[in-house]
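Working notes, structure below.
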Amino acid sequence: MTETTSPGGPAGIAAPDPGSAPTAQPRPGGLPDLRRVGAHPDHWYPVALSSQVRGKPVAAVFGGERMALYRGASGAVHALEDRCAHRQVPLSMGVVEGDALRCCYHAWAYRGDGRISQIPYLPKGVGRPPRGVRAFPVREAYGLVFVFPGDPAKAEATALPVLPEYGSARHRTMTYSRTVRCHYSFMHENLLDMNHQFLHRGVVGRLQPKLLGYEADARSVEARYLFTHGGGRRNRGAGLLAAEGIGGSDSADVMTIRTEYPYQTLTLVPEKSDHPVFSLWVAYVPEDAEQRTCHVYGLLMIEKPRVPGAVHLAWPLIRRFTERVFAEDRMAVEAEQRAWDEQGEDRNHEVFPLILDVREVLRSNGVPLSPCARPCG
Amino acid sequence: MTETTSPGGPAGIAAPDPGSAPTAQPRPGGLPDLRRVGAHPDHWYPVALSSQVRGKPVAAVFGGERMALYRGASGAVHALEDRCAHRQVPLSMGVVEGDALRCCYHAWAYRGDGRISQIPYLPKGVGRPPRGVRAFPVREAYGLVFVFPGDPAKAEATALPVLPEYGSARHRTMTYSRTVRCHYSFMHENLLDMNHQFLHRGVVGRLQPKLLGYEADARSVEARYLFTHGGGRRNRGAGLLAAEGIGGSDSADVMTIRTEYPYQTLTLVPEKSDHPVFSLWVAYVPEDAEQRTCHVYGLLMIEKPRVPGAVHLAWPLIRRFTERVFAEDRMAVEAEQRAWDEQGEDRNHEVFPLILDVREVLRSNGVPLSPCARPCG
Amino acid sequence: MTETTSPGGPAGIAAPDPGSAPTAQPRPGGLPDLRRVGAHPDHWYPVALSSQVRGKPVAAVFGGERMALYRGASGAVHALEDRCAHRQVPLSMGVVEGDALRCCYHAWAYRGDGRISQIPYLPKGVGRPPRGVRAFPVREAYGLVFVFPGDPAKAEATALPVLPEYGSARHRTMTYSRTVRCHYSFMHENLLDMNHQFLHRGVVGRLQPKLLGYEADARSVEARYLFTHGGGRRNRGAGLLAAEGIGGSDSADVMTIRTEYPYQTLTLVPEKSDHPVFSLWVAYVPEDAEQRTCHVYGLLMIEKPRVPGAVHLAWPLIRRFTERVFAEDRMAVEAEQRAWDEQGEDRNHEVFPLILDVREVLRSNGVPLSPCARPCG
């Protein structure tokens with residue numbers, strides 16, 4: 001565990017201090033490349049919005065593992081390996097019948113536990129047919145469908161994230177779902193290192209984030225920044241997000257960002273308040289086997305203003321603002337992934353201690369990617 | 001040779017019969033992966049429609065072997081290796097001059113037998129120029145251009161398919177030509193296993209195919225199904241195809257499907273008839289070297305109804321119906337190929353004996369694909 | 001050094017002369033494949049038009065080496081390695097500040113020599129940050145930005161091409177810039193072997209190029225052709241280029257084409273003149289690491305006709321004519337590259353001695369491409 005304080009402010013590097021804080025060493029040669037570390041499957045990962053899983057089955061994926069999601073007659077969502085045991089045609093191309101899923105091709109039917117319930121034409125006297133396909137534990141919460149891609153025996157004892165604000169009458173939630181073509185670790189680093197506000201200068205104006213301090217342990221890193229607005233153009237949506245009253249100009253808010261494996265959260269507490277005006281929960285779900293692409297599911301839980309109806313007026317502005325910020329972040333992290341792809345390895349020279357710590361959290365809590373998932377070159 | 005009978009009817013698999021019919025064993029580990037078996041080149045394969053080979057040369061292909069087809073002044077079609085001996089620019093980009101084909105780049109000219117007939121600027125005193133390029137035996141029949149991609153010495157003795165109905169005044173032929181992105185074996189299996197009618201439920205309604213029996217030998221598998229229409233929506237084009245009289249509702253027709261290496265045929269004999277109302281002949285021609293894509297050439301020979309002109313009225317309906325059925329088949333077989341690509345091997349658990357037999361026919365009559373044609377991973 | 005004369009005229013090859021000119025041997029097995037030879041980096045290569053490098057940085061590339069070009073406040077253009085030392089985000093996505101370039105992500109700033117000038121938030125007590133990124137020598141001339149991708153110590157002593165006509169009041173220059181998907185060597189061979197006029201028959205009519213002679217040494221090949229127009233359709237732009245007076249019909253012009261490593265030039269001297277009516281300078285700059293794509297920068301310097309203003313009227317016709325010729329050349333050379341890609345090696349059977357010589361020039365003056373830049377297959 002570490003607790004440190006940033007000196008803040010710009011620093012020329014004419015005479016860089018060759019300090020020796022133990023967390024700040026550049027990546028030692030012996031460690032595995034972080035971008036080849038897979039997300040640990042023994043967690044609950046969202047793979048679809050609940051609203052997407054209606055009458056028809058839906059294709060989902062975790063780290064190259066394809067799944068067919070479907071909602072049976074009972075209302076429960078099931079997640080099966082997305083390949084019929086017969087000829088590997090995706091079950092997500094199939095048809096829901098009661099609580100079963102029937103393959104579109106030769107009409108083999110599966111139960112929610114993956115067992116085959118019917119082969120309509122099965123001849124006698126043939127070898128034993130396959131028993132079924134893999135099924136994944138599923139839970140629905142917060143408008144998301146979570147699956148447990150790892151050891152099913154651990155699913156029961158593994159907690160879903162706890163988001164009390166999601167259901168609270170005082171809050172309203174904005175949901176995000178999109179694919180970003182980078183390893184999930186770039187997303188964690190992006191959000192935790194608030195020194196990247198230069199990237200958003202066109203949207204948020206000149207922000208001066210000052211690291212107040214941070215804490216790290218084996219599974220988490222939490223950083224606190226003081227945000228003071230240094231003038232320049234400021235987006236209205238940003239103002240709406242930053243304060244209950246619209247237009248507070250010289251705010252100094254405290255932003256707390258936390259990676260707690262495998263999720264990430266961000267909260268903003270305004271200067272004269274004692275509780276967050278909004279909090280963000282995010283999961284980065286690898287899509288492909290090489291985990292060079294992730295799907296971002298985000299829940300932005302915003303405290304409703306006291307003026308009734310104001311949140312409805314502000315909603316589209318907040319959506320537009322966050323989408324613009326997100327588009328800029330995406331541009332940067334996808335550029336990072338492209339550089340990694342070209343170089344075939346991580347060449348980051350990280351100088352910000354808490355980023356070195358979050359890398360260690362992601363590395364030590366992840367799993368090695370199987371060699372066959374790596375590219376030839 | 002095997003003769004067996006299907007029990008027909010749906011069967012739950014609560015207690016699957018661990019029978020031991022010799023043809024129904026799952027793929028033994030020792031056999032080569034069927035999807036890595038190439039189509040044997042010592043057969044006549046269609047590679048273009050005759051109508052496509054007019055004034056300009058045409059690019060064609062068999063299993064990665066590119067060919068330039070052209071029709072010389074004599075009217076005969078020639079097939080040359082599609083690379084100029086000089087700098088390997090495709091001869092199909094060239095110009096027909098009499099019975100010769102001239103490369104578009106430096107104007108080298110070739111005879112129909114592949115020999116170079118002229119190099120317009122050939123300097124003296126240089127090394128011996130190349131003699132020419134490979135030429136393939138060509139035959140035209142049934143509106144198709146067939147080539148013999150294998151050993152040319154065997155071309156003469158190898159018969160073209162015999163399709164007497166093609167030229168008969170009592171029949172009219174509908175021709176199909178399209179690329180499907182799958183190994184040709186998936187196509188044979190698709191057509192032979194009529195238990196896949198579930199795939200076409202939206203087009204043909206609820207069909208109950210019952211296997212009457214099948215025969216297999218070293219080069220062929222032939223299956224006979226009884227088709228009874230179980231109600232539900234039925235496509236008009238299907239009705240047109242199924243009976244001379246339009247609209248017969250409760251038909252019980254006999255469909256015979258036969259793979260005779262390397263071609264496939266299908267005939268339909270209506271309940272109260274003694275001869276087919278239509279017959280289909282199909283060839284699946286691998287396009288790429290890995291043979292993961294094939295070009296389907298089909299000839300659907302339909303008996304003309306007794307009412308004069310009725311076939312003209314029905315023609316567009318039959319076209320639309322068959323295109324819809326084909327689009328569904330394509331969706332399924334291309335999904336099978338994608339699953340194979342992802343898994344890098346065949347994981348089919350086939351339970352239908354005649355499909356196991358046709359796999360053996362395709363495997364034992366094919367050729368191994370060269371290792372360099374296989375993907376890295 | 002070789003001097004030889006072409007016999008000219010078409011030649012059937014019924015009895016090819018098995019001559020033994022030493023330059024005309026087919027590619028001996030021991031030589032490296034020319035299409036795997038990289039362009040030598042110790043030369044000045046254009047990588048952008050001057051007009052493209054204004055307020056914002058520009059991404060450029062030489063053989064897979066990415067560069068960020070930017071014009072600082074001083075007016076000078078700088079070329080930095082296009083990856084921030086921090087997290088490898090392209091510096092070409094950054095912002096010019098005075099003579100510095102600031103990365104878009106965490107706002108690290110670089111001098112024109114690649115040294116880091118500022119890390120705005122650098123904390124104390126961390127390891128020594130990186131010093132900067134690689135910088136490339138840059139020169140601007142002829143409306144182009146040249147970089148020196150090789151050993152910077154050799155840049156000073158290496159001459160830029162000398163193009164006196166570029167600045168002359170008697171000439172006007174047409175500039176070309178485009179990507180062609182082939183190894184640069186195909187471009188040299190295309191221009192030097194004028195026997196490919198058959199390719200342009202639709203644009204230039206029937207041209208009879210006759211090789212008058214050629215010279216070769218260790219670094220260059222220069223060929224002289226007599227061009228007589230054999231009738232047929234002739235493009236107006238071609239006429240404009242070929243003669244000061246418009247429409248001279250039966251011209252016999254001398255075209256001189258020269259590869260002088262790594263550039264190429266072409267001049268045309270009309271029959272009754274003693275100086276060129278136009279001259280073309282071209283550089284082929286590899287883009288990707290495998291050098292299977294090159295960027296062509298061309299300067300076509302045309303003598304102004306005596307009639308004032310005529311060059312303005314002719315300009316669009318000349319542009320259209322040259323673009324059409326270029327499009328045909330591109331079709332051919334890209335077909336050559338595709339054939340090479342499929343075959344995995346060069347199978348050219350070259351019969352024209354000077355092409356064999358230019359291959360040797362390109363091979364012996366180039367550098368081997370690193371094995372990792374080669375494809376798996």
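Convention: chains lettered A, B, ... in structure tokens order; per-chain residue numbering from 1; ligands numbered from 1 as shown.
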
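For chain A, the residues having at least one atom no farther than 7 Å from chain B, when counting only C-alpha atoms, are Ala85, His86, Arg87, Gln88, Val89, Cys104, Tyr105, His106, Ala107, Ser117, Gln118, Ile119, Pro120, Tyr121, Leu122, Pro123, Lys124, Gly125, Val126, Gly127, Arg128, Pro129 and Pro130 of chain A.
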
| query | When DSSP works through the backbone of this structure, what residues of region 106-227 of chain B end up as strand (DSSP E or B), shown as a PyMOL selection string? | reply | chain B and resi 109-110+115-119+132+135-136+138-141+144-147+171-180+207-216+220-227

Those residues you just picked out, can you put them in a file as a compact mmCIF listing (two decimals), in the first residue's frame with C-alpha atoms?
```
# COMPACT_ATOMS: atom_id res chain seq x y z
CA ALA B 109 1.09 -13.15 -77.63
CA TYR B 110 -0.02 -16.72 -76.79
CA ARG B 115 2.82 -21.43 -76.46
CA ILE B 116 4.16 -17.94 -77.06
CA SER B 117 3.52 -16.94 -80.65
CA GLN B 118 5.17 -13.52 -80.60
CA ILE B 119 7.27 -11.16 -78.50
CA GLY B 132 4.74 -20.26 -72.77
CA ALA B 135 -3.06 -24.52 -70.96
CA PHE B 136 -6.05 -26.43 -69.62
CA VAL B 138 -11.71 -26.99 -72.19
CA ARG B 139 -15.19 -28.18 -73.16
CA GLU B 140 -18.42 -26.32 -73.51
CA ALA B 141 -21.73 -27.93 -72.63
CA LEU B 144 -21.14 -23.77 -69.19
CA VAL B 145 -17.41 -23.68 -69.83
CA PHE B 146 -15.80 -26.75 -68.25
CA VAL B 147 -12.06 -27.04 -67.68
CA HIS B 171 -37.82 -29.08 -70.31
CA ARG B 172 -36.59 -25.62 -69.59
CA THR B 173 -33.43 -24.94 -67.59
CA MET B 174 -32.77 -22.29 -64.96
CA THR B 175 -29.06 -21.62 -64.45
CA TYR B 176 -27.42 -20.60 -61.17
CA SER B 177 -23.93 -19.19 -60.64
CA ARG B 178 -22.69 -17.71 -57.40
CA THR B 179 -19.91 -17.80 -54.84
CA VAL B 180 -20.47 -19.29 -51.41
CA LEU B 207 -42.20 -30.05 -44.25
CA GLN B 208 -41.74 -33.54 -42.84
CA PRO B 209 -38.94 -35.22 -44.76
CA LYS B 210 -38.80 -38.94 -44.02
CA LEU B 211 -35.76 -40.86 -45.12
CA LEU B 212 -36.98 -43.82 -47.14
CA GLY B 213 -33.53 -45.27 -47.53
CA TYR B 214 -30.14 -44.63 -49.00
CA GLU B 215 -27.28 -46.33 -50.79
CA ALA B 216 -23.61 -45.60 -50.69
CA SER B 220 -21.54 -41.96 -54.39
CA VAL B 221 -24.30 -41.63 -51.85
CA GLU B 222 -27.94 -41.53 -52.89
CA ALA B 223 -30.77 -40.79 -50.48
CA ARG B 224 -34.54 -40.98 -50.99
CA TYR B 225 -36.89 -38.89 -48.88
CA LEU B 226 -40.67 -38.81 -48.70
CA PHE B 227 -41.80 -35.19 -48.40
```

Compile the contact shell of Asp99 (chain B) as a short mmCIF file (atom, residue, chain, number, x, y, z; two decimals) with N, CA, C and O atoms, in the first residue's frame: residues with an atom at most 8 Å away, counting only C-alpha atoms, same-chain residues fewer than 2 positions apart removed.
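Printed below is part-v4.cif as written:
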```
data_model
loop_
_atom_site.label_atom_id
_atom_site.label_comp_id
_atom_site.auth_asym_id
_atom_site.auth_seq_id
_atom_site.Cartn_x
_atom_site.Cartn_y
_atom_site.Cartn_z
N ARG B 71 -12.36 -16.76 -76.00
CA ARG B 71 -12.94 -17.41 -77.17
C ARG B 71 -12.23 -16.85 -78.40
O ARG B 71 -12.32 -15.65 -78.67
N GLY B 72 -11.51 -17.72 -79.09
CA GLY B 72 -10.76 -17.29 -80.27
C GLY B 72 -11.67 -17.13 -81.47
O GLY B 72 -12.87 -17.39 -81.41
N ALA B 73 -11.06 -16.69 -82.56
CA ALA B 73 -11.82 -16.45 -83.79
C ALA B 73 -12.54 -17.70 -84.28
O ALA B 73 -13.60 -17.64 -84.89
N SER B 74 -11.96 -18.87 -83.97
CA SER B 74 -12.57 -20.14 -84.39
C SER B 74 -13.85 -20.45 -83.61
O SER B 74 -14.59 -21.37 -83.96
N VAL B 96 -7.82 -10.32 -77.10
CA VAL B 96 -7.93 -11.44 -78.04
C VAL B 96 -7.60 -10.95 -79.45
O VAL B 96 -8.13 -9.93 -79.89
N GLU B 97 -6.69 -11.66 -80.11
CA GLU B 97 -6.36 -11.34 -81.51
C GLU B 97 -6.44 -12.62 -82.32
O GLU B 97 -5.52 -13.46 -82.23
N LEU B 101 -4.02 -14.78 -77.69
CA LEU B 101 -4.31 -13.87 -76.58
C LEU B 101 -3.04 -13.06 -76.32
O LEU B 101 -1.96 -13.64 -76.15
N ARG B 111 -0.70 -18.65 -78.07
CA ARG B 111 -1.67 -19.51 -78.74
C ARG B 111 -2.60 -20.16 -77.72
O ARG B 111 -2.33 -20.16 -76.53
N GLY B 112 -3.63 -20.77 -78.22
CA GLY B 112 -4.57 -21.45 -77.34
C GLY B 112 -3.96 -22.60 -76.57
O GLY B 112 -4.49 -23.02 -75.54
#
```

| said: Which residues are close to region 307-316 of chain C, i.e. within 9 Å by only C-alpha atoms, leaving aside same-chain residues fewer than 3 positions away? Reply as an MDAnalysis selection string. | reply: chainID C and resid 172 174 237 240 302:304 319:321

| request: Kindly give the distance, in Å, that separates CA of Met187 (chain A) and CA of Ser279 (chain A), rounded to a single decimal. | output: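 CA of Ser279 (chain A) lies 17.1 Å from CA of Met187 (chain A).
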